[in-house]
Structures are given as structure tokens and as C-alpha cells.
Amino acid sequence: MSRFRSTARALALLLVLLAAPNAQRAEAARREPNTPIRHFIVLMQENHTFDNYFGTYPGADGIPPDTCMPLDPTDPASECVEPFHIGSLPIEDLDHSSITFRRQYNGGKMDGFIWALRLRNHDGRIAMGYYDGRDLPYYWNLVGEYVLFDRFFSSAHGGSVWNHMYWIAGVPGSEKNSVPPEGFPDDIVTIFDRLEAAGVTWKFYIQNYDPSITYRTRSDVVGPRAAQVVWCPLLAMPRYLDDPELFRHIVPLDEYFTDLQNGTLPEVAYIVPSGASEHPPGSIQAGQRFVRSLVQALMRSSYWWNSAFMVTYDDWGGWYDHVPPPQVDDYGYGFRVPAFLVSPYAKRGFVDSTTYDFTSILKFIEENWDLEPLAARDAQATSIMNAFDFTQPPRPPVFILWDWPPPAAAPGPRSGVVFGLYGSALLLASLTFLAASGRLRLPPQLARRARRPGGLRASWRKGAR
Amino acid sequence: MSASRRDTVQRTDPPMPTLRRREGVLQRLGSRHPGPSPPLVFSERWWPLLVFLFATVAGAALRLWELNRYGVNSDEAVYLGQAAALVREPVLSRFFPLFRAHPLLYPFFVAGTIPIVGREGLDLAGRLLAVAFGLATIGTTMLLGRVLFGRWTGAVAALFLALMPYHVTVSRQALLDGPMAFWITLAFLAFVRFAATRRTSWLFAAAVSFGLAALTKETAVVFLGALVIVLALHPELSDRPRQLLVGCAAFAGIVALHPLATALAGGSATERTSQYLVWQLFRRPNHEWSFYLSTVPPALGLAVVGLALLGLVLVRRAWTWRETLLVTWILVPAVFFQVWPTKGFPYLVAVAPAVALLAARTLARLFALGSTRVGSPLGYRVHWRPLLGLLSVLLIAGSLASASVGQLRAAADGTFLAGSGGVPGGREAGAWIRTHTPAGARVLTIGPSMANIVQFYGYRKAYGLSVSPNPLHRNPTYEPVVNPDLMLRKGDIQYIVWDAYSAARSSFFSEKLQTYARRYHGRVVHTEIVRTRGPDGQTIDLPVIVIYEVRP
């Protein structure tokens with residue numbers, strides 16, 4: 001028995017010695033972040049512009065006064081449409097192709113928003129509609145507490161495919177704004193490749209994820225579920241599908257919640273929605289609730305204290321925005337999209353007017369974990385670092401109200417009245433007892449009134465009679 | 001009492017001392033034991049004083065022992081929350097409105113402590129204040145007994161009250177009933193002084209005290225019925241209508257301060273007060289008709305109750321307004337609350353001094369304690385009688401103290417009778433919520449009681465699932481969850497708190513709450529456990545409060 005034990009000990013020691021260098025290497029490979037942000041989560045919603053969501057938000061670069069969009073910019077006598085509150089008006093999925101962008105952009109004049117859509121057989125006037133705090137109470141309250149970016153441009157002036165590719169790789173991925181039938185080229189380096197090499201943990205969470213739907217099978221899938229290949233371009237990259245070590249990082253969104261609960265949240269997390277993407281004509285309220293569930297889950301977890309959660313939108317969706325996007329190359333920028341950051345280190349109620357695009361997210365990840373740039377765009381991008389204030393201690397989590405405007409505190413009752421009246425009663429009682437017991441000298445006239453003739457014996461005798 | 005009997009008493013009375021010199025004067029007047037004085041075995045001055053001092057010390061010890069071990073119950077949370085609202089304490093005043101069902105005299109006192117203790121020490125401060133009122137009631141009972149029946153009766157009544165489980169339990173809690181009992185006892189003391197002196201100032205003091213009792217809890221008005229009956233049955237006390245009118249005016253003037261404060265303070269207070277009235281009048285019974293019979297006599301002490309009844313039998317032939325006063329003091333509220341659909345354990349605590357006085361008086365009569373005359377119904381030899389009397393007092397006091405200690409040490413078993421003490425685990429669960437959930441989180445509980453506790457200790461908005469959406473069937477302050485499923489699905493409620501106490505009262509809503517926890521990915525994030533003994537005597541850890549995190 002003892003021989004068996006000593007043999008087992010020797011084997012265990014040998015295993016430890018063999019394993020130690022590997023563990024040390026893994027530890028050495030793991031990058032420590034350069035900021036207190038140890039977990040960065042980014043969610044990409046769909047198809048809105050900044051002016052569409054925050055055009056009337058106080059303090060932001062919103063819809064200019066006197067804006068009136070001509071129905072036909074080529075006609076000087078054309079009628080125009082002023083921005084209007086959408087409220088409960090029905091909306092539609094507006095065309096947001098490259099050609100529509102060019103017409104709406106109109107060489108920087110930004111006056112073709114209705115015209116471009118009319119040319120695509122839409123009633124383009126809806127593009128001038130906007131939402132405000134009444135429709136987006138959660139977002140408006142959220143950015144009031146954290147950071148709103150009002151010069152955050154979509155990276156490309158096309159639709160979802162290019163922008164999602166810029167979001168993960170800093171490149172458009174293909175000439176056309178579509179997933180190539182053979183998938184994206186394997187030589188495209190993504191941020192996840194960098195993270196993997198650096199030993200930084202990562203996951204790509206997909207709402208209602210179906211692992212069987214990839215670029216290879218999407219043509220067989222009927223309905224919108226095939227879009228997960230667009231929202232998660234990794235599903236259109238052969239090596240991510242064929243390498244189980246990489247493929248296991250693409251997971252259903254439910255794991256986001258369990259990871260938060262179990263302490264297994266990766267350092268970098270990308271999230272894409274399915275039904276709650278706010279893609280018109282989808283419900284923006286459903287989108288808000290979806291975002292709220294994600295943010296609240298983070299706030300409830302211990303990860304809150306060293307995390308940042310960023311929300312942005314993949315493209316403009318055909319909606320009006322008044323800021324001409326800088327054209328940095330053949331692909332973009334596209335129009336501004338809503339973007340906001342939630343973090344215990346985020347500046348409170350700050351509107352960040354630095355020029356950003358989706359590659360600014362890559363830039364932040366690269367700076368935070370000392371990663372090499374992926375492409376020219378992210379190399380030249382500005383990190384979102386300006387949105388943080390790391391000189392302050394992390395702020396405790398706050399569940400943001402849904403009501404807009406936030407309910408004002410009802411004026412409380414005048415408690416001074418209560419104090420005065422009740423205090424008077426107590427004072428009167430004290431004086432009464434003092435007077436009755438003879439400890440307080442009353443004025444003679446009052447004292448005579450207080451004392452009735454008779455006294456104890458007389459009253460008792462009278463009672464006895 | 002017949003006229004001839006009283007004549008006899010008057011003839012044999014010594015010269016009448018003033019009230020201030022000999023407080024036992026009414027006892028002398030009512031004594032049926034005239035005759036020469038035997039040597040005093042127990043000094044009438046010092047021994048009662050010693051008994052009273054012992055009562056005060058023992059009463060204080062029982063009331064202060066582990067006073068703040070358990071967190072406040074729902075009613076305590078409400079009253080302390082009102083105090084916080086009174087001084088506009090920024091956190092608690094968000095959850096507890098100033099005007100609710102009852103007047104504000106007790107919160108008025110508690111509010112004075114908040115600048116010193118802050119909201120964290122509010123539970124202890126409120127309870128200490130309740131203890132102070134309890135001890136003051138003991139002292140007032142002593143004075144009342146002394147004036148009515150003599151020093152020994154006063155001291156023994158004070159001792160009984162000090163050790164009585166009912167009064168001990170209630171006066172350890174930040175409730176309105178303990179302070180109300182004090183003001184009522186004080187009012188009766190002033191009334192007895194009025195009866196003795198016929199001075200308007202004492203009647204005025206009695207009226208003001210009754211007014212303060214009503215400003216503490218409006219049900220104190222019921223006790224006024226006792227006075228009305230006494231005055232009606234004993235016209236010798238009500239032969240001066242002008243005095244009575246002055247007293248009525250003083251009472252009405254004091255009571256009117258609360259509606260006046262409600263009206264002047266602004267807000268929706270007036271409307272809510274009227275809503276409360278409607279709700280109290282038409283709410284459904286919350287206990288069986290036998291609730292008081294099954295809970296109050298054991299809490300008063302069966303021996304004490306028995307002695308009180310025996311004493312009434314013994315003095316049936318020598319009945320005076322004093323007996324009428326004490327009996328109506330007990331019977332009027334007892335009958336009223338028996339008929340009133342809403343029943344609560346502490347509601348009758350203000351009758352405890354009267355019961356203690358009657359019991360003490362019986363012992364004093366049986367053993368002629370403090371009496372300088374022979375004539376006890378029991379045929380003991382004179383020098384044994386006081387000793388036996390003292391032993392009886394100690395025996396009953398011991399039984400009361402034992403019952404009180406047993407009640408205080410009783411392990412929680414997952415059930416809870418409202419008003420009978422703190423809620424084990426409540427404070428700790430609230431503290432966990434406060435420190436582990438984000439500000440602005442919302443909580444769903446089985447009922448409003450745990451919701452109040454969560455709000456008081458956790459500083460988070462809490463909804464009671466059992467709060468009816470029908471305004472006729474709910475406390476006007478409580479906010480119903482009209483569609484809990486929707487609120488959970490929208491993420492408006494992020495935590496569910498299940499508690500064994502509410503579950504024991506409402507298995508339906510307990511099951512409903514757990515259904516929601518299961519449906520919305522409920523994950524247990526915290527459990528409060530109480531160590532208790534199972535039916536087989538084994539020590540078991542009973543989960544009494546379970547907090548779930550839920551998400552759509």
C-alpha cells in the first residue's frame with residue numbers, strides 16, 4: 001500500500017513539473033488590461049441615425065432648427081418636410097443601400113433624404129421623423145447617467161455586412177455589401193484572432209443562436225434567422241467554423257447571463273440581437289427592454305465594477321441625420337448612428353463629441369490589451385477612451401428609470417405644520433399636568449377657576465349620598 | 001355599594017388626610033376592614049417602594065434584553081418610516097408617506113431621534129422609545145394603583161405589568177399601542193385624581209391625555225367609552241356638567257389637531273385619510289372571532305386574569321366607581337375590538353394596566369397587604385398573612401417573568417404573528433438587498449408586510465403580490481402590481497423575495513410567487529436561515545427568506 005502511495009506521489013509530482021511551464025506560459029501570455037476595464041461588452045443594434053434617436057436630446061448635436069428637407073433637391077421650388085415626432089406613426093424598413101446613401105448625402109449637401117427614398121418607391125417623408133424621450137425613455141435616461149456619443153459614424157455607407165465587418169475586423173470584407181457565397185477570405189484578421197493570440201478571453205453572443213446556420217447553409221434557411229450570418233460575420237468565416245477551438249466562442253445569448261452569474265464572463269464580449277434589434281419596423285420598445293436586460297444583468301453581477309458596456313447601431317437605416325459624415329476612404333464613413341457607453345468609469349451625463357466609428361471600438365480593445373492594429377482604419381481611429389474617467393472611483397450601479405421625463409419628486413407635506421401642532425399639544429399637556437399637580441403657579445384668577453370647591457372629602461360624601 | 005355601608009365607612013374613618021400626604025386615601029375609604037391596626041410586618045412605605053424599584057429594573061431588563069436582535073416587523077417599519085418622512089429623511093421618505101392610517105404622535109417622538117441616530121439606527125431608537133413608554137406606563141400604573149387602592153396595590157400592579165408577557169412583548173416594539181397605553185393610563189390617573197379632588201384642572205389633564213392617546217392611535221377614542229359609562233353609572237362624579245363640557249372641549253381640541261395638521265400640511269393627505277377610513281370600515285376580517293380569547297389571556301398571564309376575576313367576585317358587594325372604572329377600561333375596548341373586523345395582537349395592550357391593577361388589588365385584599373386592619377377573607381394568622389401575600393406576589397411575578405423570558409427566547413419557526421415581535425432575518429435580508437442590488441432595483445414579495453421590511457432595510461421599491469388591485473380591498477398606501485407577469489417580462493421587477501412568514505399566511509400567493517421565480521429564470525442569490533427545532537426535537541436550519549434574481 002505504501003509503495004502504491006509513493007508511486008502515486010511521484011507521478012503527481014511529475015505531472016506538476018510537466019504542467020508548470022505550460023501554466024507559466026499561459027499566464028505570461030495573458031495580457032493585463034491597461035485600464036481598470038477588464039471586461040468590455042459591445043452590442044450592435046440595427047438601423048437608426050443619431051438624429052432619429054437623439055436629435056432633440058438636450059446638449060447633443062441634434063437636429064438644427066429651421067431644418068426642412070426638400071422632397072426633390074434638384075427642384076428649387078420643391079416643398080420641404082420639417083422633422084417631426086414619429087410617436088405611434090407606422091414606420092417601414094427604409095432602403096439603406098449604398099446608392100441611397102449617395103443620394104441622401106448628395107455630395108455633402110445632406111438634402112436628399114426624402115428624394116433618395118422616393119426614388120426607391122418609399123414615401124420618404126418618414127425619414128424626417130424622430131423619436132424622443134417619450135419613445136426612448138430608457139435610452140434617454142441611460143445616457144443622462146452615462147455617456148452619449150454624438151459624432152459616432154457608421155464605418156461604411158452601406159448596410160449591415162460592411163459595418164459588421166468593420167466592427168470586428170476594421171475592413172469591409174467584400175466588394176459588395178453582402179456575404180460572399182464562399183465566405184469571407186480567411187486572411188482577414190479579426191479582433192478575435194488578436195485576442196486569442198494574446199490569451200484574452202472572448203465570446204460572441206448571439207440571441208436565438210442556431211449553430212447550424214452558417215454561410216454554408218443560410219440559403220437553405222427560410223426567414224430572417226439566416227441573418228445571424230450577417231450579424232455575426234464569424235459565421236461566414238471558414239476557419240471560425242472549422243476550428244472547434246474558435247467555433248466554441250460563438251454561443252447563444254443565454255450564456256451571457258450564466259457567464260455573469262457563474263463568474264465566467266470573457267474579457268471581450270460581442271453581442272448581436274435577433275428579434276429585438278430595433279430594425280424597422282421592429283419595436284424600439286422591445287429593443288430597449290432587450291438592452292435593459294443586458295445592462296441590468298451586468299449591473300447585478302460582480303463584473304460591473306470593472307466593465308464597460310457599449311451600445312451602437314450598425315447603419316443609418318435610411319433615416320435622416322444632419323451631420324455630413326467625413327469620407328475617409330471609398331467605404332465611409334456612413335451617417336451618424338446612436339452610440340452610448342455604460343460603465344462605472346464612464347463620465348456622468350457626458351456627451352462625447354469626438355469623431356468615432358466602429359473601428360474606434362477596435363482601437364479601444366487594442367489599446368486596452370496591447371494588441372496590434374488589424375487594418376488601416378482601426379490603426380488611424382480614435383479610441384473611445386475620452387468617454388472614461390479613470391481618476392474617479394467606480395460608480396455603483398444604478399437601475400435606470402423607464403419613465404420620461406423622470407418623475408419629479410412630489411412635494412412632501414409641510415412637516416413643520418405637524419411639528420408645530422403636535423408640539424403644541426405636548427406642551428399643553430405638560431402645562432396642564434404641572435398646573436393640576438400644583439407645580440405650576442397659575443395666575444390667581446385662572447387658579448381659582450381651575451380649583452373647584454369641595455375637594456376630596458366633600459366629593460366622596462356627595463357620591464356616598 | 002349600599003348607602004348604609006358607606007355611612008359605616010365614613011363613621012369609622014380617621015380624620016381625612018389630604019391626597020398629597022397619604023395617597024392610599026381612596027383605598028382607606030373603600031376598605032371593608034375597619035379596626036385597630038396590627039403591627040406592620042411590611043413597611044407600607046418602603047416595601048412597596050422596593051417592589052416598585054424591582055418592577056422597574058426587571059421590566060427594563062425584560063424590555064431591553066436583545067431588544068434589537070431581530071429587525072422590525074411591517075408595522076414597525078411603517079411607523080418608523082413615517083418618522084423618517086416627517087423629517088424628510090432623503091432615502092426612507094421615498095418609500096414611506098407621512099400620512100397613513102394613524103395619527104403621528106409616536107412618529108413625532110421618533111423623528112426627534114433621527115438627527116442623532118440616522119436612518120441606520122432608527123429601528124433601535126424607535127424601540128428604545130417604545131420601551132421608555134412601557135416603563136412610563138409601569139410607573140403610571142404604580143401611581144394609579146396607589147391612589148386607588150394604596151401603595152402595595154400600586155407596587156404589585158406595577159410588578160405584574162412589568163413582567164407581563166403581553167406588555168413586555170408589545171412595549172419592545174416600535175408600535176403605537178405601547179405609547180397609547182401610556183397616555184390612556186395617564187388619562188385614567190388624571191381622572192382618578194379628578195374624582196378625588198374634583199378639581200377641573202385634573203379633568204382637563206385627563207381630557208388632554210386622552211387626546212394625546214388619540215393622537216397616538218385613533219382607537220384610543222374607544223377607551224373614552226369607559227369614562228362615559230363610569231360617569232353615567234356614578235352620577236356623583238358627573239354632577240357638574242360645566243366641568244365635563246370643559247373636558248370634552250379639551251379632548252376635542254387636542255384630537256382636532258390631527259385633521260388640522262393633515263389639512264394644513266398639504267399634498268394628498270386628506271384624500272388618503274378618508275380612503276383609510278373607508279378601507280378600515282369595510283375591510284375583511286383578518287382573524288377568527290376567537291383570536292383575542294386565544295391570544296390575549298395567556299399573554300396577560302392566566303394567573304393574573306384569574307386573580308382579577310376573583311377580585312371582582314370578592315368585591316361585588318362593595319362595588320364602587322373604581323371597580324366600574326377598571327372593568328369598563330377592560331370591557332369596552334375588548335367588546336369593541338371583538339366586534340371590529342380587524343384584529344391585532346397589540347390592540348388590547350392598553351387594558352393590561354387595568355388587569356394588573358385588579359389582580360394586585362385582589363392579592364392586597366386577600367392578604368391585606370399594606371392594610372393596617374384585619375379582616376382578610378382568608379383566615380390566616382395576622383403575622384403570616386403579609387408573608388403569604390408577598391410569596392403569592394413573587395410566585396405570580398415569577399410565572400409572568402418565566403412566560404416573558406420564554407416568549408423572548410422562543411426560536412422562530414417560520415411563522416409570525418403580526419405585532420408579536422421582530423422578524424428574524426428581515427433586517428439581514430434587507431441589508432443584503434441594499435448592498436448587493438443596484439439602486440433603483442425593484443422587488444416583488446408575497447405580501448405588503450415583507451415589502452415594507454424590504455423598503456425599510458433595503459431602500460428598494462417593493463411590491464406585495466397579494467395587494468389587491470381593487471381599491472376597496474387594499475390599504476390605500478399600498479401599490480398593487482396589476483400585472484406582475486408583464487412587469488417581470490419587461491424587466492421592471494428584478495428580484496423576488498419569498499418569506500416563510502407570509503407564505504404561512506397565504507399559500508396561494510406563495511405558490512404564485514414561486515411560479516414567477518421559476519418562469520423568469522429565478523436564481524437564488526441569498527437565503528436567510530433561522531436555526532430552530534423540528535417536530536422531532538432536532539435542530540434544523542429553516543430558510544425563512546429567499547431572494548431570487550429574475551430576468552425576462
# chains A, B, ... in the order shown; residues from 1 in each chain; ligands from 1

call {"tool": "closest_atom_pairs", "arguments": {"of": "chain B", "to": "chain A", "cutoff": "7 Å", "atoms": "only C-alpha atoms", "output": "CSV"}}
result
residue,atom,partner,partner_atom,distance
B:Ala3,CA,A:Ala464,CA,6.5
B:Arg6,CA,A:Ala464,CA,6.1
B:Leu86,CA,A:Ser415,CA,5.5
B:Leu105,CA,A:Tyr422,CA,6.7
B:Ala196,CA,A:Leu456,CA,4.7
B:Thr197,CA,A:Gly455,CA,4.4
B:Arg198,CA,A:Gly455,CA,5.7
B:Arg199,CA,A:Arg451,CA,4.9
B:Thr200,CA,A:Ala450,CA,5.1
B:Ser201,CA,A:Ala436,CA,5.0
B:Trp202,CA,A:Ala436,CA,5.5
B:Ala205,CA,A:Thr432,CA,5.5
B:Val208,CA,A:Ala429,CA,5.9
B:Ser209,CA,A:Ala429,CA,6.8
B:Glu236,CA,A:Gly463,CA,4.3
B:Ile254,CA,A:Ala425,CA,6.4
B:Leu257,CA,A:Leu421,CA,6.3
B:Ala261,CA,A:Val418,CA,5.4
B:Leu264,CA,A:Val417,CA,6.8
B:Ala265,CA,A:Arg414,CA,4.5
B:Gly266,CA,A:Pro413,CA,5.2
B:Gly267,CA,A:Pro413,CA,5.6
B:Thr437,CA,A:Arg300,CA,6.1
B:Pro438,CA,A:Pro397,CA,5.0
B:Ala439,CA,A:Val398,CA,4.6
B:Gly440,CA,A:Phe399,CA,4.7
B:Ala441,CA,A:Phe399,CA,5.8
B:Lys490,CA,A:Arg289,CA,6.2
B:Gly491,CA,A:Ser293,CA,6.5
B:Arg551,CA,A:Ser293,CA,7.0

call {"tool": "select_by_dssp", "arguments": {"residues": "range 314-408 of chain A", "states": "alpha helix (DSSP H)", "output": "ChimeraX atom specification"}}
result
/A:358-369,376-380

call {"tool": "write_last_selection", "arguments": {"atoms": "N, CA and C atoms", "output": "PDB file, in the first residue's frame"}}
result
ATOM      1  N   PHE A 358     -16.958  52.548 -35.936  1.00  0.00           N
ATOM      2  CA  PHE A 358     -16.905  51.228 -35.293  1.00  0.00           C
ATOM      3  C   PHE A 358     -15.473  50.790 -35.005  1.00  0.00           C
ATOM      4  N   THR A 359     -14.540  51.275 -35.813  1.00  0.00           N
ATOM      5  CA  THR A 359     -13.154  50.868 -35.563  1.00  0.00           C
ATOM      6  C   THR A 359     -12.584  51.541 -34.318  1.00  0.00           C
ATOM      7  N   SER A 360     -13.285  52.554 -33.795  1.00  0.00           N
ATOM      8  CA  SER A 360     -12.864  53.140 -32.511  1.00  0.00           C
ATOM      9  C   SER A 360     -13.023  52.116 -31.390  1.00  0.00           C
ATOM     10  N   ILE A 361     -14.003  51.232 -31.565  1.00  0.00           N
ATOM     11  CA  ILE A 361     -14.192  50.157 -30.582  1.00  0.00           C
ATOM     12  C   ILE A 361     -12.992  49.211 -30.629  1.00  0.00           C
ATOM     13  N   LEU A 362     -12.594  48.876 -31.875  1.00  0.00           N
ATOM     14  CA  LEU A 362     -11.406  48.026 -32.025  1.00  0.00           C
ATOM     15  C   LEU A 362     -10.184  48.712 -31.409  1.00  0.00           C
ATOM     16  N   LYS A 363     -10.108  50.014 -31.646  1.00  0.00           N
ATOM     17  CA  LYS A 363      -8.965  50.767 -31.143  1.00  0.00           C
ATOM     18  C   LYS A 363      -8.905  50.694 -29.613  1.00  0.00           C
ATOM     19  N   PHE A 364     -10.054  50.806 -28.995  1.00  0.00           N
ATOM     20  CA  PHE A 364     -10.061  50.748 -27.539  1.00  0.00           C
ATOM     21  C   PHE A 364      -9.604  49.372 -27.048  1.00  0.00           C
ATOM     22  N   ILE A 365     -10.114  48.326 -27.684  1.00  0.00           N
ATOM     23  CA  ILE A 365      -9.723  46.968 -27.278  1.00  0.00           C
ATOM     24  C   ILE A 365      -8.213  46.793 -27.472  1.00  0.00           C
ATOM     25  N   GLU A 366      -7.743  47.268 -28.588  1.00  0.00           N
ATOM     26  CA  GLU A 366      -6.299  47.119 -28.885  1.00  0.00           C
ATOM     27  C   GLU A 366      -5.444  47.892 -27.867  1.00  0.00           C
ATOM     28  N   GLU A 367      -5.890  49.087 -27.542  1.00  0.00           N
ATOM     29  CA  GLU A 367      -5.125  49.866 -26.565  1.00  0.00           C
ATOM     30  C   GLU A 367      -5.203  49.264 -25.171  1.00  0.00           C
ATOM     31  N   ASN A 368      -6.351  48.757 -24.870  1.00  0.00           N
ATOM     32  CA  ASN A 368      -6.536  48.250 -23.506  1.00  0.00           C
ATOM     33  C   ASN A 368      -5.749  46.968 -23.269  1.00  0.00           C
ATOM     34  N   TRP A 369      -5.625  46.142 -24.312  1.00  0.00           N
ATOM     35  CA  TRP A 369      -4.931  44.863 -24.129  1.00  0.00           C
ATOM     36  C   TRP A 369      -3.635  44.794 -24.936  1.00  0.00           C
ATOM     37  N   ALA A 376      -5.810  49.507 -41.599  1.00  0.00           N
ATOM     38  CA  ALA A 376      -5.515  50.940 -41.593  1.00  0.00           C
ATOM     39  C   ALA A 376      -6.572  51.725 -40.813  1.00  0.00           C
ATOM     40  N   ARG A 377      -7.828  51.331 -40.986  1.00  0.00           N
ATOM     41  CA  ARG A 377      -8.908  52.086 -40.332  1.00  0.00           C
ATOM     42  C   ARG A 377      -8.740  52.123 -38.808  1.00  0.00           C
ATOM     43  N   ASP A 378      -8.607  50.954 -38.221  1.00  0.00           N
ATOM     44  CA  ASP A 378      -8.525  50.951 -36.760  1.00  0.00           C
ATOM     45  C   ASP A 378      -7.190  51.516 -36.285  1.00  0.00           C
ATOM     46  N   ALA A 379      -6.170  51.407 -37.129  1.00  0.00           N
ATOM     47  CA  ALA A 379      -4.889  51.998 -36.749  1.00  0.00           C
ATOM     48  C   ALA A 379      -5.018  53.520 -36.632  1.00  0.00           C
ATOM     49  N   GLN A 380      -5.842  54.097 -37.515  1.00  0.00           N
ATOM     50  CA  GLN A 380      -5.999  55.556 -37.514  1.00  0.00           C
ATOM     51  C   GLN A 380      -7.173  56.029 -36.653  1.00  0.00           C
TER      52      GLN A 380
END

call {"tool": "atom_distance", "arguments": {"atom1": "CA of Asp370 in chain A", "atom2": "CA of Asp389 in chain A"}}
result
19.6 Å

call {"tool": "residues_around", "arguments": {"residues": "Tyr79 in chain B", "least_positions_apart": "2", "cutoff": "12 Å", "atoms": "only C-alpha atoms", "output": "PyMOL selection string"}}
result
chain B and resi 72-77+81-86+92-93+95-111+122-123+126-127+130+173-177+216-217+452-453+456

call {"tool": "select_by_dssp", "arguments": {"residues": "range 232-451 of chain B", "states": "strand (DSSP E or B)", "output": "tab-separated table (two decimals) with N, CA, C and O atoms, in the first residue's frame"}}
result
chain	number	residue	atom	x	y	z
B	423	VAL	N	-38.96	40.44	13.07
B	423	VAL	CA	-38.98	39.40	12.05
B	423	VAL	C	-37.55	38.86	11.87
B	423	VAL	O	-36.69	39.58	11.36
B	439	ALA	N	-29.00	50.40	-7.09
B	439	ALA	CA	-30.02	51.38	-6.73
B	439	ALA	C	-31.07	51.39	-7.83
B	439	ALA	O	-30.74	51.27	-9.01
B	442	ARG	N	-36.15	46.84	-8.25
B	442	ARG	CA	-37.50	46.66	-7.72
B	442	ARG	C	-37.71	45.21	-7.33
B	442	ARG	O	-37.21	44.31	-8.00
B	443	VAL	N	-38.50	45.05	-6.28
B	443	VAL	CA	-38.62	43.74	-5.65
B	443	VAL	C	-40.09	43.36	-5.58
B	443	VAL	O	-40.95	44.22	-5.35
B	444	LEU	N	-40.35	42.09	-5.78
B	444	LEU	CA	-41.71	41.56	-5.61
B	444	LEU	C	-41.71	40.61	-4.43
B	444	LEU	O	-40.88	39.69	-4.37
B	445	THR	N	-42.61	40.82	-3.49
B	445	THR	CA	-42.72	39.95	-2.33
B	445	THR	C	-44.10	39.30	-2.32
B	445	THR	O	-44.97	39.66	-3.11

call {"tool": "closest_residue", "arguments": {"among": "A:Asp135, A:Asp314, A:Asp220, A:Asp259", "to": "Leu89 in chain A", "atoms": "only C-alpha atoms"}}
result
A:Asp135

call {"tool": "atom_distance", "arguments": {"atom1": "CA of Ile188 in chain A", "atom2": "CA of Phe247 in chain A"}}
result
16.3 Å

call {"tool": "closest_residue", "arguments": {"among": "B:Gly389, B:Pro341, B:Gly430, B:Gly306", "to": "Tyr459 in chain B", "atoms": "only C-alpha atoms"}}
result
B:Gly430

call {"tool": "atom_distance", "arguments": {"atom1": "CA of Gly158 in chain A", "atom2": "CA of Thr100 in chain A"}}
result
8.9 Å

call {"tool": "residues_around", "arguments": {"residues": "Val546 in chain B", "least_positions_apart": "2", "cutoff": "12 Å", "atoms": "only C-alpha atoms", "output": "count of residues only"}}
result
38

call {"tool": "residues_around", "arguments": {"residues": "Asn106 in chain A", "least_positions_apart": "2", "cutoff": "12 Å", "atoms": "only C-alpha atoms", "output": "ChimeraX atom specification"}}
result
/A:72-74,98-104,108-116,324-325
